[in-house]
>>> print(open('work_18.txt').read())   # compact mmCIF, C-alpha atoms
# COMPACT_ATOMS: atom_id res chain seq x y z
CA MET A 1 80.32 78.51 35.31
CA GLY A 2 82.45 75.40 35.10
CA VAL A 3 84.77 74.53 32.25
CA THR A 4 82.66 73.84 29.17
CA CYS A 5 83.28 72.23 25.81
CA VAL A 6 80.92 72.93 22.91
CA SER A 7 81.15 70.73 19.84
CA GLN A 8 79.23 69.44 16.88
CA VAL A 9 78.11 65.86 16.33
CA PRO A 10 77.54 64.88 12.71
CA VAL A 11 74.18 63.45 11.73
CA ALA A 12 74.29 59.63 11.77
CA GLU A 13 74.33 57.74 8.45
CA GLY A 14 70.87 57.33 7.06
CA LYS A 15 69.23 59.15 9.97
CA SER A 16 67.67 62.57 10.44
CA VAL A 17 68.88 65.29 12.79
CA GLN A 18 66.11 64.48 15.24
CA GLN A 19 66.90 60.76 15.22
CA THR A 20 70.58 61.40 15.92
CA VAL A 21 69.70 63.67 18.83
CA GLU A 22 67.45 60.95 20.22
CA LEU A 23 70.28 58.42 19.86
CA LEU A 24 72.59 60.62 21.94
CA ALA A 25 69.84 61.26 24.48
CA ARG A 26 69.23 57.57 24.93
CA ARG A 27 72.95 56.95 25.49
CA LEU A 28 73.03 59.68 28.12
CA GLU A 29 69.98 58.33 29.87
CA ALA A 30 71.51 54.82 29.83
CA LEU A 31 74.54 56.28 31.65
CA GLY A 32 72.17 57.59 34.31
CA ALA A 33 71.75 61.24 33.35
CA ASP A 34 68.55 63.06 34.44
CA LYS A 35 66.60 65.43 32.23
CA GLN A 36 66.57 68.92 33.71
CA GLY A 37 64.54 71.23 31.56
CA THR A 38 65.46 72.83 28.29
CA PHE A 39 68.03 75.30 27.04
CA GLY A 40 68.45 77.70 24.18
CA VAL A 41 71.39 79.63 22.74
CA ASP A 42 70.80 82.06 19.91
CA CYS A 43 73.00 84.26 17.79
CA GLU A 44 72.15 87.32 15.68
CA THR A 45 74.56 88.88 13.23
CA TYR A 46 75.08 92.60 12.72
CA HIS A 47 77.05 94.17 9.87
CA THR A 48 79.05 97.23 10.74
CA ALA A 49 78.83 99.83 8.03
CA GLY A 50 82.59 100.26 8.22
CA ALA A 51 84.57 102.12 10.87
CA ILE A 52 86.44 105.41 10.54
CA GLY A 53 88.26 105.50 7.22
CA THR A 54 91.79 105.68 8.63
CA GLN A 55 91.79 102.08 9.74
CA GLY A 56 90.08 100.75 6.66
CA GLN A 57 87.97 98.28 8.58
CA THR A 58 84.93 97.54 6.52
CA GLY A 59 82.14 95.07 6.96
CA LYS A 60 83.04 93.70 10.37
CA LEU A 61 80.57 91.23 11.79
CA MET A 62 79.29 91.60 15.32
CA TYR A 63 77.45 88.75 16.99
CA VAL A 64 74.86 89.33 19.69
CA MET A 65 74.06 86.15 21.56
CA HIS A 66 71.78 85.01 24.35
CA ASN A 67 72.02 81.96 26.58
CA SER A 68 69.03 80.70 28.56
CA GLU A 69 71.44 79.78 31.34
CA TYR A 70 71.95 83.53 31.87
CA PRO A 71 68.52 84.96 31.10
CA LEU A 72 69.29 88.53 32.14
CA SER A 73 72.45 88.78 30.07
CA CYS A 74 73.43 89.48 26.53
CA PHE A 75 76.79 88.61 24.98
CA ALA A 76 78.24 90.71 22.18
CA LEU A 77 81.35 89.59 20.37
CA PHE A 78 83.57 90.04 17.39
CA GLU A 79 85.39 87.11 15.81
CA ASN A 80 88.94 87.12 17.28
CA GLY A 81 87.90 90.16 19.26
CA PRO A 82 86.61 91.06 22.71
CA CYS A 83 83.45 89.49 24.15
CA LEU A 84 81.29 91.96 26.06
CA VAL A 85 78.92 90.68 28.72
CA ALA A 86 76.04 93.11 29.20
CA ASP A 87 72.54 93.07 30.60
CA ALA A 88 69.41 92.57 28.52
CA ASN A 89 69.13 96.30 27.69
CA PHE A 90 71.93 95.83 25.17
CA ASP A 91 69.31 94.58 22.71
CA THR A 92 67.44 97.87 23.13
CA LEU A 93 70.68 99.72 22.38
CA MET A 94 71.16 97.73 19.17
CA VAL A 95 67.73 98.91 18.05
CA LYS A 96 68.88 102.53 18.59
CA LEU A 97 72.03 101.78 16.61
CA LYS A 98 70.20 100.45 13.58
CA GLY A 99 71.47 103.30 11.46
CA PHE A 100 75.03 102.07 12.01
CA PHE A 101 74.62 98.33 12.44
CA GLN A 102 72.28 96.34 10.24
CA ASN A 103 70.77 93.15 11.60
CA ALA A 104 71.21 90.37 9.06
CA LYS A 105 67.96 88.68 10.07
CA ALA A 106 68.42 85.75 7.70
CA ASN A 107 71.60 84.82 9.55
CA LYS A 108 69.91 84.28 12.91
CA ILE A 109 70.91 80.85 14.15
CA GLU A 110 70.00 79.05 17.35
CA SER A 111 70.41 75.80 19.21
CA ARG A 112 67.62 74.47 21.39
CA GLY A 113 67.19 71.21 23.23
CA THR A 114 67.26 69.37 26.54
CA ARG A 115 69.53 69.75 29.53
CA TYR A 116 70.83 66.66 31.26
CA GLN A 117 72.56 66.45 34.59
CA TYR A 118 74.93 63.59 35.35
CA CYS A 119 76.68 63.96 38.72
CA ASP A 120 78.90 67.03 38.31
CA PHE A 121 78.39 67.26 34.56
CA LEU A 122 75.78 69.29 32.72
CA VAL A 123 75.12 68.17 29.15
CA LYS A 124 73.04 70.09 26.65
CA LEU A 125 71.99 68.39 23.41
CA GLY A 126 70.75 70.93 20.93
CA THR A 127 69.31 70.98 17.45
CA VAL A 128 70.86 73.87 15.54
CA THR A 129 68.33 75.63 13.34
CA MET A 130 68.53 78.50 10.93
CA GLY A 131 65.03 79.72 10.17
CA PRO A 132 62.81 76.72 9.63
CA SER A 133 65.52 74.19 8.80
CA ALA A 134 67.57 72.03 11.13
CA ARG A 135 71.23 72.36 10.20
CA GLY A 136 73.10 70.25 12.75
CA ILE A 137 73.56 69.09 16.31
CA SER A 138 75.41 70.83 19.13
CA VAL A 139 76.63 69.17 22.30
CA GLU A 140 77.68 71.27 25.27
CA VAL A 141 79.37 69.51 28.18
CA GLU A 142 80.15 71.39 31.37
CA TYR A 143 82.17 70.09 34.30
CA CYS A 144 80.73 72.32 37.02
CA PRO A 145 83.25 72.08 39.88
CA CYS A 146 86.30 73.17 37.91
CA VAL A 147 87.02 76.65 36.52
CA ILE A 148 90.55 76.16 35.24
CA ALA A 149 90.35 74.78 31.72
CA ASN A 150 93.59 72.86 31.56
CA ASP A 151 93.00 71.16 34.90
CA CYS A 152 90.02 69.12 33.79
CA TRP A 153 90.28 68.71 30.03
CA ASN A 154 91.27 65.03 30.35
CA LEU A 155 88.30 64.30 32.59
CA LEU A 156 85.92 66.12 30.24
CA MET A 157 87.28 64.19 27.28
CA GLU A 158 86.88 60.86 29.04
CA PHE A 159 83.29 61.68 29.94
CA MET A 160 82.47 62.76 26.41
CA GLN A 161 83.91 59.54 25.00
CA SER A 162 81.43 57.55 27.10
CA PHE A 163 78.48 58.79 25.07
CA MET A 164 79.96 60.50 22.00
CA GLY A 165 82.45 57.79 21.13
CA SER A 166 84.53 58.65 18.10
CA HIS A 167 82.81 62.01 17.74
CA THR A 168 84.57 63.36 20.85
CA PRO A 169 86.13 66.69 19.88
CA GLY A 170 89.69 67.86 20.38
CA ILE A 171 90.62 70.56 22.89
CA PRO A 172 88.69 73.78 22.10
CA SER A 173 90.81 76.65 20.81
CA VAL A 174 89.58 79.00 23.59
CA PHE A 175 91.34 76.79 26.15
CA GLY A 176 94.68 77.48 24.51
CA ALA A 177 94.54 81.19 25.32
CA LYS A 178 93.31 80.60 28.87
CA HIS A 179 96.47 79.12 30.48
CA ASP A 180 95.55 79.28 34.16
CA SER A 181 92.94 81.99 34.09
CA VAL A 182 89.39 81.36 35.23
CA TYR A 183 86.90 80.01 32.68
CA SER A 184 83.96 82.30 32.06
CA PRO A 185 80.58 82.20 30.29
CA GLY A 186 82.05 84.41 27.55
CA ASP A 187 84.34 81.54 26.59
CA THR A 188 81.31 79.29 26.10
CA MET A 189 79.68 81.89 23.87
CA VAL A 190 82.85 82.12 21.75
CA GLN A 191 82.69 78.36 21.25
CA TYR A 192 79.04 78.57 20.22
CA MET A 193 79.85 81.39 17.80
CA GLU A 194 82.59 79.29 16.19
CA LEU A 195 80.24 76.30 15.99
CA PHE A 196 77.44 78.35 14.43
CA ASN A 197 79.83 79.83 11.87
CA LYS A 198 81.04 76.37 10.94
CA ILE A 199 77.49 75.08 10.56
CA ARG A 200 76.47 78.10 8.48
CA LYS A 201 79.19 77.31 5.99
CA GLN A 202 78.28 73.63 5.78
CA GLN A 203 75.97 72.23 3.14
CA GLN A 204 72.38 72.09 4.24
CA VAL A 205 71.55 68.68 5.80
CA PRO A 206 70.12 66.67 2.86
CA VAL A 207 67.26 65.13 4.83
CA ALA A 208 64.89 68.08 5.13
CA GLY A 209 64.54 69.36 8.71
CA ILE A 210 62.71 67.81 11.60
CA ARG A 211 60.14 65.20 10.77
CA MET B 1 75.58 109.35 38.79
CA GLU B 2 77.52 106.36 39.97
CA ALA B 3 77.14 103.03 38.26
CA PRO B 4 73.99 101.47 39.74
CA PRO B 5 74.31 97.86 40.89
CA VAL B 6 72.75 95.50 38.35
CA THR B 7 70.11 94.32 40.85
CA MET B 8 68.72 97.83 41.09
CA MET B 9 68.21 98.28 37.39
CA PRO B 10 64.80 97.71 35.91
CA VAL B 11 64.47 94.30 34.30
CA THR B 12 62.94 95.04 30.95
CA GLY B 13 61.85 91.99 29.04
CA GLY B 14 60.78 93.75 25.91
CA THR B 15 61.88 97.10 24.60
CA ILE B 16 60.16 99.35 27.11
CA ASN B 17 61.24 102.88 26.39
CA MET B 18 62.65 104.49 29.49
CA MET B 19 62.85 108.26 29.70
CA GLU B 20 65.09 110.38 31.86
CA TYR B 21 63.53 113.45 33.45
CA LEU B 22 66.19 115.98 34.40
CA LEU B 23 66.53 119.24 36.28
CA GLN B 24 69.92 120.88 36.79
CA GLY B 25 71.46 123.66 38.78
CA SER B 26 74.70 124.53 40.47
CA VAL B 27 76.10 125.84 43.75
CA LEU B 28 79.41 127.50 44.53
CA ASP B 29 81.87 125.50 46.62
CA GLN B 30 81.18 127.64 49.69
CA SER B 31 77.49 126.68 49.65
CA LEU B 32 78.01 122.97 49.37
CA GLU B 33 77.70 122.12 53.06
CA SER B 34 74.36 123.92 53.52
CA LEU B 35 72.97 122.18 50.46
CA LEU B 36 74.11 118.76 51.69
CA HIS B 37 72.60 119.52 55.09
CA ARG B 38 69.24 120.40 53.49
CA LEU B 39 69.33 117.29 51.31
CA ARG B 40 70.11 115.03 54.24
CA GLY B 41 66.98 116.35 55.91
CA LEU B 42 64.70 116.09 52.87
CA CYS B 43 65.82 112.83 51.36
CA ASP B 44 65.36 109.20 52.26
CA ASN B 45 67.20 108.07 55.33
CA MET B 46 70.20 106.17 54.05
CA GLU B 47 73.92 106.00 54.56
CA PRO B 48 75.49 109.09 53.04
CA GLU B 49 76.82 107.90 49.74
CA THR B 50 79.78 109.42 47.97
CA PHE B 51 81.15 108.41 44.64
CA LEU B 52 84.19 108.85 42.46
CA ASP B 53 83.51 107.99 38.84
CA HIS B 54 85.43 108.17 35.60
CA GLU B 55 83.28 108.83 32.55
CA MET B 56 84.34 108.55 28.94
CA VAL B 57 82.21 109.81 26.09
CA PHE B 58 82.44 107.90 22.82
CA LEU B 59 81.30 108.98 19.37
CA LEU B 60 80.47 106.92 16.31
CA LYS B 61 80.60 108.90 13.12
CA GLY B 62 78.62 107.51 10.24
CA GLN B 63 76.82 108.76 7.16
CA GLN B 64 74.42 110.64 9.40
CA ALA B 65 75.16 114.29 10.14
CA SER B 66 75.22 113.84 13.90
CA PRO B 67 77.41 111.19 15.50
CA PHE B 68 76.00 108.60 17.86
CA VAL B 69 77.03 109.31 21.46
CA LEU B 70 77.55 106.71 24.16
CA ARG B 71 78.75 107.31 27.71
CA ALA B 72 80.85 104.72 29.53
CA ARG B 73 81.18 105.18 33.25
CA ARG B 74 83.15 103.25 35.83
CA SER B 75 83.49 103.52 39.56
CA MET B 76 86.98 104.42 40.73
CA ASP B 77 86.37 103.85 44.42
CA LYS B 78 84.07 100.84 44.59
CA THR B 79 85.44 97.50 43.52
CA GLY B 80 83.43 94.88 41.69
CA MET B 81 80.87 97.27 40.21
CA PRO B 82 79.96 96.73 36.56
CA TRP B 83 80.68 99.46 34.03
CA HIS B 84 77.70 101.60 33.12
CA LEU B 85 76.96 102.27 29.47
CA ARG B 86 74.41 104.96 28.78
CA TYR B 87 72.65 106.23 25.70
CA LEU B 88 70.76 109.52 25.90
CA GLY B 89 68.45 110.60 23.13
CA GLN B 90 67.58 114.11 22.00
CA PRO B 91 65.48 116.10 24.46
CA GLU B 92 61.80 115.78 23.67
CA ILE B 93 60.18 118.91 22.42
CA GLY B 94 57.19 118.76 24.70
CA ASP B 95 54.84 121.49 25.81
CA LYS B 96 56.29 124.40 27.73
CA ASN B 97 54.37 123.31 30.81
CA ARG B 98 56.49 120.23 31.23
CA HIS B 99 58.79 121.09 34.09
CA ALA B 100 61.73 118.84 33.36
CA LEU B 101 63.94 117.99 30.41
CA VAL B 102 62.80 114.65 29.03
CA ARG B 103 64.93 112.37 26.90
CA ASN B 104 65.04 108.73 25.98
CA CYS B 105 67.64 106.77 27.89
CA VAL B 106 69.03 103.26 27.76
CA ASP B 107 71.18 102.08 30.68
CA ILE B 108 73.26 98.95 30.34
CA ALA B 109 75.55 97.31 32.89
CA THR B 110 78.54 95.70 31.23
CA SER B 111 81.74 93.80 31.88
CA ASP B 112 84.94 95.77 32.22
CA ASN B 113 86.21 95.32 28.66
CA LEU B 114 83.66 97.92 27.55
CA THR B 115 86.11 100.46 26.11
CA ASP B 116 87.92 97.83 24.02
CA PHE B 117 84.58 96.65 22.73
CA LEU B 118 83.36 100.14 21.83
CA VAL B 119 86.57 100.79 19.91
CA GLU B 120 86.09 97.50 18.06
CA MET B 121 82.57 98.65 17.15
CA GLY B 122 84.05 101.78 15.62
CA PHE B 123 83.53 104.28 18.43
CA ARG B 124 86.26 106.75 19.31
CA MET B 125 86.64 108.52 22.64
CA ASP B 126 85.76 112.17 22.38
CA HIS B 127 86.44 113.34 25.92
CA GLU B 128 86.62 112.07 29.48
CA PHE B 129 86.25 113.47 32.98
CA VAL B 130 86.15 112.47 36.62
CA ALA B 131 83.06 113.16 38.74
CA LYS B 132 83.26 113.23 42.51
CA GLY B 133 80.33 113.88 44.77
CA HIS B 134 77.32 112.76 46.74
CA VAL B 135 74.16 110.93 45.81
CA PHE B 136 70.80 111.10 47.58
CA ARG B 137 67.48 109.44 46.89
CA LYS B 138 63.88 110.39 47.52
CA GLY B 139 61.51 107.72 46.31
CA ILE B 140 62.30 107.27 42.64
CA MET B 141 64.11 110.61 42.43
CA LYS B 142 67.85 110.74 42.49
CA ILE B 143 69.71 113.87 43.53
CA VAL B 144 73.38 114.09 42.69
CA VAL B 145 75.75 116.85 43.80
CA TYR B 146 79.14 116.53 42.17
CA LYS B 147 82.23 118.29 40.95
CA ILE B 148 83.67 117.70 37.51
CA PHE B 149 87.41 117.29 37.17
CA ARG B 150 89.41 117.69 34.00
CA ILE B 151 91.90 114.91 33.30
CA LEU B 152 95.27 116.49 32.56
CA MET B 153 96.84 113.55 30.77
CA PRO B 154 94.60 111.20 28.75
CA GLY B 155 94.12 107.92 30.54
CA ASN B 156 95.71 109.08 33.79
CA THR B 157 92.98 109.57 36.37
CA GLU B 158 95.48 110.43 39.10
CA SER B 159 96.29 113.93 37.86
CA ILE B 160 93.04 115.85 37.73
CA GLU B 161 92.00 119.42 38.36
CA PRO B 162 88.56 120.87 39.08
CA LEU B 163 86.80 122.35 36.09
CA SER B 164 85.15 125.12 38.11
CA LEU B 165 84.64 126.50 41.59
CA SER B 166 81.17 125.01 41.83
CA TYR B 167 79.24 121.79 42.16
CA LEU B 168 76.72 120.58 39.63
CA VAL B 169 73.36 119.57 41.11
CA GLU B 170 71.11 117.21 39.19
CA LEU B 171 67.68 115.88 40.03
CA ASN B 172 66.68 113.00 37.84
CA VAL B 173 64.21 110.21 37.48
CA VAL B 174 64.26 107.32 35.04
CA ALA B 175 60.71 106.20 34.34
CA PRO B 176 58.77 104.54 31.52
CA ALA B 177 57.61 106.84 28.75
CA GLY B 178 54.41 108.76 29.29
CA GLN B 179 54.62 109.38 33.02
CA ASP B 180 54.61 113.15 32.93
CA VAL B 181 53.32 113.41 36.50
CA VAL B 182 56.93 112.64 37.45
CA SER B 183 58.00 116.10 36.38
CA ASP B 184 55.42 117.69 38.70
CA ASP B 185 56.85 115.77 41.66
CA MET B 186 60.32 116.88 40.63
CA ARG B 187 59.26 120.52 40.44
CA ASN B 188 57.71 120.29 43.92
CA PHE B 189 60.91 118.86 45.32
CA ALA B 190 63.01 121.46 43.55
CA GLU B 191 60.91 124.19 45.24
CA GLN B 192 62.08 122.90 48.61
CA LEU B 193 65.69 123.40 47.66
CA LYS B 194 65.23 127.10 46.90
CA PRO B 195 66.95 129.46 47.53
CA LEU B 196 70.04 127.28 48.11
CA VAL B 197 69.94 126.05 44.54
CA HIS B 198 67.67 126.77 41.61
CA LEU B 199 67.04 123.62 39.62
CA GLU B 200 65.85 124.28 36.11
CA LYS B 201 65.19 122.60 32.84
CA ILE B 202 68.30 123.38 30.81
CA ASP B 203 68.26 122.48 27.15
CA PRO B 204 71.85 121.55 26.18
CA LYS B 205 71.31 122.76 22.63
CA ARG B 206 70.68 126.33 23.75
CA LEU B 207 74.10 126.41 25.40
CA MET B 208 76.04 125.48 22.28
>>> encode(input="work_18.txt", output="structure tokens")
Amino acid sequence: MGVTCVSQVPVAEGKSVQQTVELLARRLEALGADKQGTFGVDCETYHTAGAIGTQGQTGKLMYVMHNSEYPLSCFALFENGPCLVADANFDTLMVKLKGFFQNAKANKIESRGTRYQYCDFLVKLGTVTMGPSARGISVEVEYCPCVIANDCWNLLMEFMQSFMGSHTPGIPSVFGAKHDSVYSPGDTMVQYMELFNKIRKQQQVPVAGIR
Amino acid sequence: MEAPPVTMMPVTGGTINMMEYLLQGSVLDQSLESLLHRLRGLCDNMEPETFLDHEMVFLLKGQQASPFVLRARRSMDKTGMPWHLRYLGQPEIGDKNRHALVRNCVDIATSDNLTDFLVEMGFRMDHEFVAKGHVFRKGIMKIVVYKIFRILMPGNTESIEPLSLSYLVELNVVAPAGQDVVSDDMRNFAEQLKPLVHLEKIDPKRLM
């Protein structure tokens, strides 16, 4: 996968989540982007019951994520820890492990929306929902031809400014650790995990959900 | 059992329970060649496939009496293969007529940071070994003839020594739950390998 930046766009003043998404979509379409199906990224949280006593690690959170772009894969990660890429059977394994890892079902969070293609860019505008309520907006922008993060950050930023304006994000923290190593789908999932965690902590969007 | 390529693994959308049917036996080193010769004749026509794998067994100790066991396997001689993570359940206590050992199994192909990830989850490595041998196929049956090597220094797969003067022979099939006819086919195949090797249903618990 090409270098990707995942960020959050705040809901516009006086508008709902859905209206803000439509605003962004219209700007993209005005640029000349084509709709290309839908996408979905979801994240489930598991509590570890605490590792072996000697290390005193209690209550670590493990995230198990899926990305419709990679339908046969499953991503499992710890915050500031390794990101494992596995096949879909990993979900079956988590069911077997339910005595050791509890699924915090109320914490399941996902982002779903439309995919847009504009020349070598792939943009995904998603509505982030937790249960029945819409909690925010995610924007994923991928520059497909390049796999070295630092080589194309400026280009990505310029493209994002053309439709996100002042909401263009700063350089993602995952890029910092990359230096010149190849960008991978795991890096995108880390960005989504950070975004979901941020949204979970935010106040619920005052205008109730999707109208 | 070398790490299968991801494209060969069953794509399970939901949680279909897969079971492993297993028969095991062994042959002394001196009898290896005749066994391989017989297998080449009986099995599917394919390039003779050898493997060199490193397997690590991880345990997760929790409140439960018995720890959770996971097996992480990597190929040492083939580059670019994913790591193979395997969970094996307790053998099913079926009727005595069932010819093979049956246990639940979950096979997962993973990226190569598997051991770091398992440690982060709380697993600790219990033991490791190197397996070197041959793999044959007949339909959905897999026949593996391999030697187990003890690793003399933890983490160093260069210095190994054989565990015994024999080769372990395993006949296994991974199939969805409820397909007991599989064990009949396995028994029929095992008959054809007698008297070179006697493949039997061996319950690991009875050995301990």
>>> interface_residues(input="work_18.txt", of="chain B", to="chain A", cutoff="6 Å", atoms="only C-alpha atoms", output="MDAnalysis selection string")
chainID B and resid 15 108:111 117 122
>>> residues_around(input="work_18.txt", residues="B:Pro67", least_positions_apart="3", cutoff="12 Å", atoms="all atoms listed in the file", output="NGL selection string")
(:A and (52 or 97 or 99-100)) or (:B and (57-64 or 70 or 89 or 122-126))
>>> write_last_selection(input="work_18.txt", atoms="C-alpha atoms", output="PDB file, in the coordinates of the input")
ATOM      1  CA  ILE A  52      86.440 105.410  10.540  1.00  0.00           C
ATOM      2  CA  LEU A  97      72.030 101.780  16.610  1.00  0.00           C
ATOM      3  CA  GLY A  99      71.470 103.300  11.460  1.00  0.00           C
ATOM      4  CA  PHE A 100      75.030 102.070  12.010  1.00  0.00           C
TER       5      PHE A 100
ATOM      6  CA  VAL B  57      82.210 109.810  26.090  1.00  0.00           C
ATOM      7  CA  PHE B  58      82.440 107.900  22.820  1.00  0.00           C
ATOM      8  CA  LEU B  59      81.300 108.980  19.370  1.00  0.00           C
ATOM      9  CA  LEU B  60      80.470 106.920  16.310  1.00  0.00           C
ATOM     10  CA  LYS B  61      80.600 108.900  13.120  1.00  0.00           C
ATOM     11  CA  GLY B  62      78.620 107.510  10.240  1.00  0.00           C
ATOM     12  CA  GLN B  63      76.820 108.760   7.160  1.00  0.00           C
ATOM     13  CA  GLN B  64      74.420 110.640   9.400  1.00  0.00           C
ATOM     14  CA  LEU B  70      77.550 106.710  24.160  1.00  0.00           C
ATOM     15  CA  GLY B  89      68.450 110.600  23.130  1.00  0.00           C
ATOM     16  CA  GLY B 122      84.050 101.780  15.620  1.00  0.00           C
ATOM     17  CA  PHE B 123      83.530 104.280  18.430  1.00  0.00           C
ATOM     18  CA  ARG B 124      86.260 106.750  19.310  1.00  0.00           C
ATOM     19  CA  MET B 125      86.640 108.520  22.640  1.00  0.00           C
ATOM     20  CA  ASP B 126      85.760 112.170  22.380  1.00  0.00           C
TER      21      ASP B 126
END
>>> closest_residue(input="work_18.txt", among="B:Glu170, B:Glu33, B:Asp184, B:Asp77", to="B:Tyr146", atoms="only C-alpha atoms")
B:Glu170
>>> residues_near_point(input="work_18.txt", point="(80.8, 67.8, 37.4)", cutoff="7 Å", atoms="all atoms listed in the file", output="compact mmCIF listing (two decimals) with C-alpha atoms, keeping the file's coordinate frame")
# COMPACT_ATOMS: atom_id res chain seq x y z
CA CYS A 119 76.68 63.96 38.72
CA ASP A 120 78.90 67.03 38.31
CA PHE A 121 78.39 67.26 34.56
CA TYR A 143 82.17 70.09 34.30
CA CYS A 144 80.73 72.32 37.02
CA PRO A 145 83.25 72.08 39.88
>>> residues_near_point(input="work_18.txt", point="(88.7, 72.1, 33.6)", cutoff="10 Å", atoms="all atoms listed in the file", output="PyMOL selection string")
chain A and resi 2-5+142-156+175+180+182-183
>>> residues_around(input="work_18.txt", residues="B:Met19", least_positions_apart="5", cutoff="9 Å", atoms="only C-alpha atoms", output="list in words")
Leu88, Gly89, Val102, Arg103, Asn104, Cys105, Val106, Val173, Val174, Ala175, Pro176, Ala177, Gly178 and Gln179 of chain B
>>> axis_aligned_box(input="work_18.txt", around="stretch 110-126 of chain A", padding_each_side="5 Å", output="lines of an AutoDock Vina configuration file")
center_x = 73.0
center_y = 71.3
center_z = 28.0
size_x = 21.7
size_y = 25.5
size_z = 31.4
>>> atom_distance(input="work_18.txt", atom1="atom CA of A:Gly136", atom2="atom CA of A:Val17")
6.5 Å
>>> closest_residue(input="work_18.txt", among="A:Leu122, A:Val9, A:Ala177, A:Met164", to="A:Ile199", atoms="only C-alpha atoms")
A:Val9
>>> closest_residue(input="work_18.txt", among="A:Val190, A:Ala134, A:Val123, A:Ile171", to="A:Ser111", atoms="only C-alpha atoms")
A:Ala134
>>> atom_distance(input="work_18.txt", atom1="atom CA of B:Arg86", atom2="atom CA of B:Val27")
25.7 Å
